[in-house]
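So this one's data17.cif, mmCIF, C-alpha atoms:
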data_target
loop_
_atom_site.group_PDB
_atom_site.id
_atom_site.type_symbol
_atom_site.label_atom_id
_atom_site.label_comp_id
_atom_site.auth_asym_id
_atom_site.auth_seq_id
_atom_site.Cartn_x
_atom_site.Cartn_y
_atom_site.Cartn_z
ATOM 1 C CA MET A 1 -30.839 15.995 -54.882
ATOM 2 C CA SER A 2 -34.064 16.746 -56.766
ATOM 3 C CA GLY A 3 -37.613 17.539 -55.724
ATOM 4 C CA PRO A 4 -39.790 20.623 -55.369
ATOM 5 C CA VAL A 5 -38.686 23.621 -53.313
ATOM 6 C CA VAL A 6 -41.002 26.096 -51.604
ATOM 7 C CA ALA A 7 -39.803 29.628 -50.834
ATOM 8 C CA LEU A 8 -41.546 32.179 -48.607
ATOM 9 C CA SER A 9 -40.897 35.696 -49.864
ATOM 10 C CA GLY A 10 -41.683 39.328 -49.495
ATOM 11 C CA GLY A 11 -40.531 41.879 -52.045
ATOM 12 C CA ILE A 12 -37.086 42.934 -53.216
ATOM 13 C CA GLY A 13 -34.748 40.950 -50.948
ATOM 14 C CA GLY A 14 -36.828 37.800 -51.177
ATOM 15 C CA ALA A 15 -37.212 38.160 -54.931
ATOM 16 C CA LYS A 16 -33.427 38.288 -55.374
ATOM 17 C CA LEU A 17 -32.988 34.922 -53.676
ATOM 18 C CA ALA A 18 -36.034 33.536 -55.496
ATOM 19 C CA LEU A 19 -34.303 34.441 -58.759
ATOM 20 C CA GLY A 20 -31.180 32.621 -57.603
ATOM 21 C CA LEU A 21 -33.269 29.568 -56.745
ATOM 22 C CA LEU A 22 -34.962 29.734 -60.135
ATOM 23 C CA HIS A 23 -31.547 29.487 -61.823
ATOM 24 C CA ALA A 24 -30.185 26.865 -59.420
ATOM 25 C CA LEU A 25 -33.142 24.470 -59.742
ATOM 26 C CA PRO A 26 -34.635 22.490 -62.626
ATOM 27 C CA PRO A 27 -37.510 24.319 -64.380
ATOM 28 C CA HIS A 28 -40.904 24.257 -62.696
ATOM 29 C CA THR A 29 -39.659 22.887 -59.365
ATOM 30 C CA LEU A 30 -39.794 26.220 -57.492
ATOM 31 C CA THR A 31 -42.950 27.537 -55.830
ATOM 32 C CA VAL A 32 -42.782 30.979 -54.215
ATOM 33 C CA VAL A 33 -45.398 31.781 -51.577
ATOM 34 C CA ALA A 34 -45.762 35.560 -51.747
ATOM 35 C CA ASN A 35 -46.708 37.933 -48.964
ATOM 36 C CA THR A 36 -49.988 39.738 -49.654
ATOM 37 C CA GLY A 37 -50.204 41.622 -46.360
ATOM 38 C CA ASP A 38 -48.834 44.660 -48.236
ATOM 39 C CA ASP A 39 -51.700 44.575 -50.744
ATOM 40 C CA PHE A 40 -53.961 47.615 -50.710
ATOM 41 C CA GLU A 41 -56.550 49.572 -52.649
ATOM 42 C CA HIS A 42 -55.272 52.722 -54.326
ATOM 43 C CA LEU A 43 -57.006 54.939 -56.877
ATOM 44 C CA GLY A 44 -59.669 52.234 -57.129
ATOM 45 C CA LEU A 45 -57.102 49.573 -58.020
ATOM 46 C CA THR A 46 -55.898 46.470 -56.161
ATOM 47 C CA ILE A 47 -52.126 46.733 -55.768
ATOM 48 C CA SER A 48 -50.050 43.638 -54.879
ATOM 49 C CA PRO A 49 -46.510 45.022 -54.449
ATOM 50 C CA ASP A 50 -44.691 41.835 -53.441
ATOM 51 C CA ILE A 51 -46.365 39.660 -56.071
ATOM 52 C CA ASP A 52 -45.492 42.218 -58.734
ATOM 53 C CA THR A 53 -41.879 42.482 -57.559
ATOM 54 C CA LEU A 54 -41.597 38.695 -57.889
ATOM 55 C CA LEU A 55 -43.249 38.730 -61.315
ATOM 56 C CA TYR A 56 -40.878 41.397 -62.632
ATOM 57 C CA THR A 57 -37.758 39.886 -61.052
ATOM 58 C CA LEU A 58 -38.350 36.290 -62.123
ATOM 59 C CA SER A 59 -39.215 37.361 -65.677
ATOM 60 C CA ASP A 60 -36.220 39.736 -66.023
ATOM 61 C CA ARG A 61 -38.464 42.782 -66.220
ATOM 62 C CA ASP A 62 -37.345 44.466 -62.983
ATOM 63 C CA ASP A 63 -35.564 47.811 -62.827
ATOM 64 C CA THR A 64 -32.218 46.934 -61.258
ATOM 65 C CA VAL A 65 -30.994 50.550 -61.401
ATOM 66 C CA ARG A 66 -33.873 52.110 -59.478
ATOM 67 C CA GLY A 67 -34.162 49.006 -57.328
ATOM 68 C CA TRP A 68 -37.933 48.614 -57.633
ATOM 69 C CA GLY A 69 -40.652 48.519 -60.262
ATOM 70 C CA ARG A 70 -40.470 47.607 -63.913
ATOM 71 C CA ARG A 71 -37.595 48.295 -66.286
ATOM 72 C CA ASP A 72 -37.996 50.874 -69.093
ATOM 73 C CA GLU A 73 -40.877 52.435 -67.195
ATOM 74 C CA THR A 74 -42.533 55.690 -68.191
ATOM 75 C CA TRP A 75 -44.508 58.052 -65.978
ATOM 76 C CA ASN A 76 -47.071 59.776 -68.172
ATOM 77 C CA PHE A 77 -49.968 58.689 -65.968
ATOM 78 C CA MET A 78 -48.362 60.013 -62.769
ATOM 79 C CA ASN A 79 -47.409 63.285 -64.433
ATOM 80 C CA ALA A 80 -50.952 63.760 -65.707
ATOM 81 C CA LEU A 81 -52.376 62.847 -62.305
ATOM 82 C CA ARG A 82 -50.090 65.350 -60.593
ATOM 83 C CA GLU A 83 -51.166 68.033 -63.043
ATOM 84 C CA ILE A 84 -54.813 67.695 -61.991
ATOM 85 C CA GLY A 85 -54.074 67.499 -58.270
ATOM 86 C CA GLY A 86 -54.474 63.732 -57.833
ATOM 87 C CA GLU A 87 -52.993 61.535 -55.124
ATOM 88 C CA THR A 88 -49.377 60.866 -56.088
ATOM 89 C CA TRP A 89 -47.637 59.561 -52.957
ATOM 90 C CA PHE A 90 -47.508 56.031 -54.433
ATOM 91 C CA ASN A 91 -45.854 55.920 -57.857
ATOM 92 C CA LEU A 92 -47.552 53.856 -60.550
ATOM 93 C CA GLY A 93 -45.608 53.570 -63.790
ATOM 94 C CA ASP A 94 -47.437 53.242 -67.089
ATOM 95 C CA ARG A 95 -46.319 49.637 -67.673
ATOM 96 C CA ASP A 96 -46.914 48.727 -64.035
ATOM 97 C CA LEU A 97 -50.388 50.229 -64.224
ATOM 98 C CA ALA A 98 -51.474 47.666 -66.801
ATOM 99 C CA ILE A 99 -51.150 44.825 -64.278
ATOM 100 C CA HIS A 100 -53.073 46.714 -61.592
ATOM 101 C CA VAL A 101 -55.929 47.540 -63.967
ATOM 102 C CA GLU A 102 -56.188 43.992 -65.293
ATOM 103 C CA ARG A 103 -55.878 42.395 -61.841
ATOM 104 C CA THR A 104 -58.618 44.645 -60.480
ATOM 105 C CA ARG A 105 -60.924 43.915 -63.414
ATOM 106 C CA ARG A 106 -60.499 40.170 -63.009
ATOM 107 C CA LEU A 107 -60.945 40.248 -59.235
ATOM 108 C CA ARG A 108 -64.186 42.187 -59.639
ATOM 109 C CA ALA A 109 -65.326 39.613 -62.189
ATOM 110 C CA GLY A 110 -64.970 36.951 -59.490
ATOM 111 C CA GLU A 111 -61.549 35.420 -60.250
ATOM 112 C CA ARG A 112 -59.229 34.543 -57.386
ATOM 113 C CA LEU A 113 -55.903 36.261 -56.871
ATOM 114 C CA GLY A 114 -54.051 32.936 -57.151
ATOM 115 C CA ALA A 115 -55.527 32.136 -60.560
ATOM 116 C CA ILE A 116 -54.726 35.621 -61.846
ATOM 117 C CA THR A 117 -51.149 35.381 -60.562
ATOM 118 C CA ALA A 118 -50.659 31.948 -62.137
ATOM 119 C CA ASP A 119 -51.848 33.308 -65.478
ATOM 120 C CA LEU A 120 -49.437 36.260 -65.251
ATOM 121 C CA CYS A 121 -46.566 33.850 -64.488
ATOM 122 C CA GLN A 122 -47.404 31.902 -67.637
ATOM 123 C CA ARG A 123 -47.726 35.022 -69.787
ATOM 124 C CA PHE A 124 -44.380 36.316 -68.493
ATOM 125 C CA GLY A 125 -42.704 32.974 -69.256
ATOM 126 C CA ILE A 126 -41.676 32.298 -65.649
ATOM 127 C CA ALA A 127 -40.521 28.699 -65.073
ATOM 128 C CA ALA A 128 -41.700 28.814 -61.452
ATOM 129 C CA THR A 129 -44.997 29.163 -59.631
ATOM 130 C CA ILE A 130 -45.899 32.268 -57.611
ATOM 131 C CA VAL A 131 -48.727 31.639 -55.149
ATOM 132 C CA PRO A 132 -50.330 34.315 -52.941
ATOM 133 C CA MET A 133 -50.224 33.303 -49.280
ATOM 134 C CA SER A 134 -54.025 33.300 -49.413
ATOM 135 C CA ASP A 135 -56.786 34.230 -51.828
ATOM 136 C CA ASP A 136 -58.493 35.865 -48.855
ATOM 137 C CA PRO A 137 -57.543 39.471 -48.054
ATOM 138 C CA VAL A 138 -55.031 39.944 -45.225
ATOM 139 C CA ARG A 139 -53.870 43.468 -44.458
ATOM 140 C CA THR A 140 -50.846 44.468 -42.385
ATOM 141 C CA ARG A 141 -51.731 47.259 -39.950
ATOM 142 C CA LEU A 142 -49.246 49.200 -37.832
ATOM 143 C CA ARG A 143 -49.707 51.190 -34.629
ATOM 144 C CA THR A 144 -47.184 54.004 -34.819
ATOM 145 C CA ASP A 145 -46.509 57.233 -32.973
ATOM 146 C CA ASP A 146 -49.145 58.749 -35.276
ATOM 147 C CA GLY A 147 -51.793 56.072 -34.595
ATOM 148 C CA TRP A 148 -52.986 53.107 -36.671
ATOM 149 C CA THR A 149 -52.167 52.976 -40.369
ATOM 150 C CA ASP A 150 -51.943 50.515 -43.230
ATOM 151 C CA PHE A 151 -48.489 49.350 -44.258
ATOM 152 C CA GLN A 152 -48.015 51.171 -47.580
ATOM 153 C CA PRO A 153 -49.002 54.661 -46.331
ATOM 154 C CA TRP A 154 -46.432 54.184 -43.544
ATOM 155 C CA PHE A 155 -43.700 52.595 -45.661
ATOM 156 C CA VAL A 156 -44.028 54.702 -48.807
ATOM 157 C CA GLY A 157 -46.146 57.691 -47.814
ATOM 158 C CA GLN A 158 -44.334 58.395 -44.529
ATOM 159 C CA GLN A 159 -41.039 56.811 -45.639
ATOM 160 C CA ALA A 160 -41.165 54.412 -42.646
ATOM 161 C CA LYS A 161 -40.309 57.260 -40.250
ATOM 162 C CA PRO A 162 -42.942 56.995 -37.458
ATOM 163 C CA ARG A 163 -41.912 54.505 -34.774
ATOM 164 C CA VAL A 164 -43.833 51.223 -34.869
ATOM 165 C CA HIS A 165 -45.272 49.887 -31.605
ATOM 166 C CA GLU A 166 -47.569 47.082 -32.739
ATOM 167 C CA ILE A 167 -48.351 45.045 -35.851
ATOM 168 C CA VAL A 168 -51.559 43.161 -36.620
ATOM 169 C CA PHE A 169 -52.662 41.213 -39.670
ATOM 170 C CA ASP A 170 -56.318 42.000 -40.296
ATOM 171 C CA GLY A 171 -58.160 39.057 -41.805
ATOM 172 C CA ALA A 172 -55.445 36.519 -41.044
ATOM 173 C CA ASP A 173 -57.559 34.576 -38.562
ATOM 174 C CA THR A 174 -60.104 33.647 -41.250
ATOM 175 C CA ALA A 175 -57.730 33.422 -44.242
ATOM 176 C CA ARG A 176 -57.257 30.058 -45.918
ATOM 177 C CA LEU A 177 -53.981 28.568 -47.009
ATOM 178 C CA PRO A 178 -54.026 27.609 -50.718
ATOM 179 C CA ASP A 179 -54.593 23.888 -51.231
ATOM 180 C CA ALA A 180 -51.582 23.722 -53.542
ATOM 181 C CA VAL A 181 -49.290 25.031 -50.793
ATOM 182 C CA THR A 182 -50.671 22.582 -48.239
ATOM 183 C CA ALA A 183 -50.153 19.699 -50.670
ATOM 184 C CA LEU A 184 -46.570 20.729 -51.464
ATOM 185 C CA LEU A 185 -45.627 21.078 -47.801
ATOM 186 C CA ARG A 186 -46.890 17.524 -47.216
ATOM 187 C CA SER A 187 -45.212 16.008 -50.275
ATOM 188 C CA PRO A 188 -42.642 13.277 -49.482
ATOM 189 C CA SER A 189 -40.610 14.503 -52.461
ATOM 190 C CA LEU A 190 -40.251 18.034 -51.055
ATOM 191 C CA ARG A 191 -36.558 18.984 -51.082
ATOM 192 C CA ALA A 192 -36.561 22.139 -48.964
ATOM 193 C CA VAL A 193 -38.513 25.101 -47.695
ATOM 194 C CA VAL A 194 -36.626 28.400 -47.875
ATOM 195 C CA ILE A 195 -37.535 31.478 -45.857
ATOM 196 C CA CYS A 196 -36.060 34.267 -47.955
ATOM 197 C CA PRO A 197 -34.182 37.253 -46.464
ATOM 198 C CA SER A 198 -37.305 39.406 -46.316
ATOM 199 C CA ASN A 199 -38.451 41.564 -43.407
ATOM 200 C CA PRO A 200 -39.553 39.056 -40.736
ATOM 201 C CA TYR A 201 -42.126 41.421 -39.219
ATOM 202 C CA VAL A 202 -44.075 42.567 -42.269
ATOM 203 C CA SER A 203 -43.077 40.205 -45.094
ATOM 204 C CA ILE A 204 -42.711 36.727 -43.598
ATOM 205 C CA GLU A 205 -44.873 36.840 -40.473
ATOM 206 C CA PRO A 206 -48.034 37.724 -42.432
ATOM 207 C CA ILE A 207 -47.488 34.445 -44.316
ATOM 208 C CA LEU A 208 -46.923 32.589 -41.057
ATOM 209 C CA ALA A 209 -50.100 34.154 -39.638
ATOM 210 C CA VAL A 210 -52.324 32.321 -42.138
ATOM 211 C CA PRO A 211 -53.918 29.475 -40.139
ATOM 212 C CA GLY A 212 -52.183 26.172 -40.752
ATOM 213 C CA MET A 213 -48.960 27.582 -42.185
ATOM 214 C CA ARG A 214 -46.774 27.294 -39.077
ATOM 215 C CA ALA A 215 -48.066 23.799 -38.377
ATOM 216 C CA ALA A 216 -47.474 22.764 -41.993
ATOM 217 C CA LEU A 217 -43.900 24.043 -41.880
ATOM 218 C CA ALA A 218 -43.204 22.348 -38.557
ATOM 219 C CA ALA A 219 -44.508 19.036 -39.940
ATOM 220 C CA ALA A 220 -42.943 19.332 -43.407
ATOM 221 C CA PRO A 221 -40.905 16.282 -44.512
ATOM 222 C CA ALA A 222 -38.071 18.529 -45.705
ATOM 223 C CA PRO A 223 -35.832 21.000 -43.827
ATOM 224 C CA VAL A 224 -36.974 24.590 -43.417
ATOM 225 C CA VAL A 225 -33.966 26.892 -43.894
ATOM 226 C CA ALA A 226 -34.091 30.643 -43.255
ATOM 227 C CA VAL A 227 -31.706 33.271 -44.596
ATOM 228 C CA SER A 228 -30.862 36.243 -42.406
ATOM 229 C CA PRO A 229 -32.011 39.636 -43.734
ATOM 230 C CA ILE A 230 -29.385 41.334 -41.550
ATOM 231 C CA ILE A 231 -25.707 41.718 -42.458
ATOM 232 C CA GLY A 232 -23.417 43.123 -39.801
ATOM 233 C CA GLY A 233 -26.252 44.819 -37.935
ATOM 234 C CA ARG A 234 -27.712 46.403 -41.060
ATOM 235 C CA ALA A 235 -30.561 45.621 -43.409
ATOM 236 C CA VAL A 236 -29.594 45.718 -47.064
ATOM 237 C CA LYS A 237 -32.849 47.458 -47.945
ATOM 238 C CA GLY A 238 -36.019 48.428 -46.151
ATOM 239 C CA PRO A 239 -36.942 49.006 -42.502
ATOM 240 C CA THR A 240 -35.994 45.633 -40.978
ATOM 241 C CA ALA A 241 -33.173 46.910 -38.739
ATOM 242 C CA ALA A 242 -35.175 49.983 -37.705
ATOM 243 C CA MET A 243 -38.186 47.851 -36.777
ATOM 244 C CA MET A 244 -35.995 45.595 -34.640
ATOM 245 C CA GLU A 245 -34.880 48.677 -32.746
ATOM 246 C CA HIS A 246 -38.504 49.844 -32.450
ATOM 247 C CA PHE A 247 -39.309 46.578 -30.670
ATOM 248 C CA GLY A 248 -36.308 46.816 -28.367
ATOM 249 C CA THR A 249 -34.150 44.136 -29.951
ATOM 250 C CA PRO A 250 -30.664 44.558 -31.387
ATOM 251 C CA PRO A 251 -30.534 44.576 -35.199
ATOM 252 C CA ASP A 252 -28.488 41.423 -35.612
ATOM 253 C CA ALA A 253 -28.725 38.079 -37.360
ATOM 254 C CA LEU A 254 -29.740 36.270 -34.162
ATOM 255 C CA VAL A 255 -33.077 38.050 -33.835
ATOM 256 C CA THR A 256 -34.508 36.566 -37.016
ATOM 257 C CA ALA A 257 -33.265 33.073 -36.184
ATOM 258 C CA GLN A 258 -34.926 33.293 -32.784
ATOM 259 C CA ARG A 259 -38.237 34.435 -34.281
ATOM 260 C CA TYR A 260 -38.272 31.392 -36.584
ATOM 261 C CA ARG A 261 -36.724 28.933 -34.107
ATOM 262 C CA ASP A 262 -39.874 26.791 -33.765
ATOM 263 C CA ILE A 263 -40.050 26.066 -37.495
ATOM 264 C CA ILE A 264 -36.523 26.150 -38.935
ATOM 265 C CA ALA A 265 -34.011 23.319 -39.152
ATOM 266 C CA GLY A 266 -31.170 25.454 -40.503
ATOM 267 C CA TYR A 267 -30.028 29.052 -40.830
ATOM 268 C CA VAL A 268 -27.856 30.913 -43.334
ATOM 269 C CA MET A 269 -26.004 34.029 -42.226
ATOM 270 C CA ASP A 270 -23.371 36.360 -43.614
ATOM 271 C CA GLU A 271 -19.650 36.153 -42.928
ATOM 272 C CA GLU A 272 -19.852 39.507 -41.126
ATOM 273 C CA ASP A 273 -21.981 37.835 -38.455
ATOM 274 C CA ARG A 274 -19.695 34.867 -37.843
ATOM 275 C CA GLU A 275 -18.952 35.942 -34.259
ATOM 276 C CA VAL A 276 -22.589 35.518 -33.153
ATOM 277 C CA ALA A 277 -23.021 32.066 -34.719
ATOM 278 C CA ALA A 278 -22.153 30.265 -31.474
ATOM 279 C CA ALA A 279 -25.269 31.728 -29.849
ATOM 280 C CA LEU A 280 -27.408 29.583 -32.160
ATOM 281 C CA GLY A 281 -26.319 26.450 -30.311
ATOM 282 C CA ASP A 282 -26.771 23.212 -32.209
ATOM 283 C CA LEU A 283 -28.856 24.754 -35.020
ATOM 284 C CA PRO A 284 -27.165 23.794 -38.316
ATOM 285 C CA ILE A 285 -25.869 26.923 -40.039
ATOM 286 C CA ALA A 286 -24.052 28.021 -43.160
ATOM 287 C CA ILE A 287 -21.867 31.123 -43.071
ATOM 288 C CA VAL A 288 -21.534 32.490 -46.595
ATOM 289 C CA PRO A 289 -21.682 35.840 -48.417
ATOM 290 C CA THR A 290 -25.360 36.838 -48.431
ATOM 291 C CA LEU A 291 -25.173 40.253 -50.117
ATOM 292 C CA MET A 292 -26.715 39.757 -53.561
ATOM 293 C CA ARG A 293 -25.371 42.404 -55.915
ATOM 294 C CA THR A 294 -25.266 40.294 -59.070
ATOM 295 C CA LEU A 295 -27.073 37.324 -60.566
ATOM 296 C CA ASP A 296 -24.041 35.175 -59.758
ATOM 297 C CA ASP A 297 -24.356 36.258 -56.104
ATOM 298 C CA ARG A 298 -28.010 35.237 -56.076
ATOM 299 C CA ILE A 299 -27.284 31.829 -57.606
ATOM 300 C CA ALA A 300 -24.359 31.192 -55.245
ATOM 301 C CA LEU A 301 -26.510 31.981 -52.194
ATOM 302 C CA ALA A 302 -29.324 29.788 -53.507
ATOM 303 C CA ARG A 303 -26.917 26.888 -53.932
ATOM 304 C CA ALA A 304 -25.567 27.394 -50.408
ATOM 305 C CA VAL A 305 -29.112 27.344 -48.997
ATOM 306 C CA LEU A 306 -29.976 24.180 -50.892
ATOM 307 C CA ALA A 307 -26.692 22.551 -49.849
ATOM 308 C CA LEU A 308 -27.470 23.229 -46.194
ATOM 309 C CA ALA A 309 -30.967 21.761 -46.598
ATOM 310 C CA ASP A 310 -29.542 18.676 -48.314
ATOM 311 C CA ARG A 311 -26.946 18.266 -45.552
ATOM 312 C CA ILE A 312 -29.617 18.471 -42.861
ATOM 313 C CA ARG A 313 -31.814 15.972 -44.638
ATOM 314 C CA GLY A 314 -28.875 13.589 -45.002
#
Translate this structure into structure tokens?
Amino acid sequence: MSGPVVALSGGIGGAKLALGLLHALPPHTLTVVANTGDDFEHLGLTISPDIDTLLYTLSDRDDTVRGWGRRDETWNFMNALREIGGETWFNLGDRDLAIHVERTRRLRAGERLGAITADLCQRFGIAATIVPMSDDPVRTRLRTDDGWTDFQPWFVGQQAKPRVHEIVFDGADTARLPDAVTALLRSPSLRAVVICPSNPYVSIEPILAVPGMRAALAAAPAPVVAVSPIIGGRAVKGPTAAMMEHFGTPPDALVTAQRYRDIIAGYVMDEEDREVAAALGDLPIAIVPTLMRTLDDRIALARAVLALADRIRG
């Protein structure tokens, strides 16, 4: 089956599946809607961590050894900043810094984040489209044991240690969904919408908080299929399992399915979670290996997700 596919993604976990989809689909049929709730201002620069992770991953520039950032990175800027007593809690590599400087310059000149991101996709030779969830600023804020904080100071600066009690998305109520995303989600030729295995609380729900997104997904002419970010009660990377425990829910594959239940038509979960599948009732599911260690793993999972969507559509 052919047709465009839309994927909702946060950073590393979502980018892995997005790469699998990129390889499993014809060129230029994949659109990735990227979380921008993590975006923040640092050292006078606008940083878009999830967009950049997608850019590096889909263009084969990501550092697969370190697990984040850009491959063959150097750290002269950070070393020099440390030497003069600058703020160094958030690492900016020399190659990575180029994107932040150029993005900030263009934003201050009046360009929109979506146009800048589209240009970077083209310059990096990516045969897919990466679209920010909105050109309007939305910022994820957390109420922790230490009070209110932005996401990155908690996640990176405090290593996600303070317990989270509440999450809000500042600016979401007035943010606008990109016209291109709205048009795609209404397209009769749409093949599938994929919710990648990203943190549901701080990677996917900021996207869903943009007015019109939930309604557009619920009314989409193609199946919405989510992939569990939990494998056997554990998150592969990041604070997903810990945040589930913070909110008093067990860290299992069911929690994510239940959070998306009003918008999804299918769910993909790992073989380790087979015993809880019955609790999903009549929701169509696929039980397959979801741990993505290699490119082949990513492609295999992407094909399984698309196969489930095609089966649901009939």
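The interatomic distance for the pair atom CA of A:Asp136 and atom CA of A:His100 works out to 17.6 Å.
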Subject >> Within 8 Å of file point (-33.4, 36.9, -60.8), counting all atoms listed in the file, expressed as JSON, numbers by chain >> reply: {"A": [15, 16, 17, 18, 19, 20, 22, 23, 57, 58, 59, 60, 295, 298]}
**OP:** Enter the distance from atom CA of A:Ala302 to atom CA of A:Val156, in Å, rounded to one decimal.
**Re:** 29.3 Å
Subject >> Shell around stretch 65-69 of chain A at 10 Å using all atoms listed in the file, local window under 6 positions removed, as number ranges by chain >> reply: A: 11-12, 49, 52-53, 56-57, 91-93, 95-96, 237
Subject >> Output of the PyMOL selection byres ((chain A and resi 103-119) around 10), listed as an MDAnalysis selection string >> reply: chainID A and resid 36 41 44:48 51:52 55 97:102 120:126 128:137 178
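With all atoms listed in the file as the atoms that count, the minimum distance from A:Leu177 to the choices A:Leu301, A:Ile312, A:Val202, A:Ala34 is reached by A:Ala34.
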Original post:
Given the choices A:Arg259, A:Arg214, A:His42, A:Arg293, which gets closest to A:Trp89 if the distance is worked out from all atoms listed in the file?
Top reply: A:His42
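Nearest to A:Phe40 of all the residues A:Asn76, A:Thr64, A:Ser9, A:Gln152 is A:Gln152, counting all atoms listed in the file.
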Subject >> Within 12 Å of A:Ala226 using all atoms listed in the file, minus same-chain residues under 4 positions, as number ranges by chain >> reply: A: 6-9, 14, 17, 192-200, 204, 217, 230, 253-254, 256-269, 283-286, 290, 301-302, 304-306, 308-309
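Minimum atom-to-atom distances from A:Arg303, A:Glu87, A:Ala215, A:Leu208 to A:Ala175 were compared using only C-alpha atoms, and the lowest value belongs to A:Leu208.
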Selection in question (the file shown): the PyMOL selection byres ((chain A and resi 190) around 6). Which residues does it include, as a tab-separated table (two decimals) with C-alpha atoms, keeping the file's coordinate frame?
chain	number	residue	atom	x	y	z
A	3	GLY	CA	-37.61	17.54	-55.72
A	4	PRO	CA	-39.79	20.62	-55.37
A	187	SER	CA	-45.21	16.01	-50.28
A	188	PRO	CA	-42.64	13.28	-49.48
A	189	SER	CA	-40.61	14.50	-52.46
A	191	ARG	CA	-36.56	18.98	-51.08
A	192	ALA	CA	-36.56	22.14	-48.96
A	222	ALA	CA	-38.07	18.53	-45.70
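Atom CA of A:Pro223 sits 25.2 Å away from atom CA of A:Ala235.
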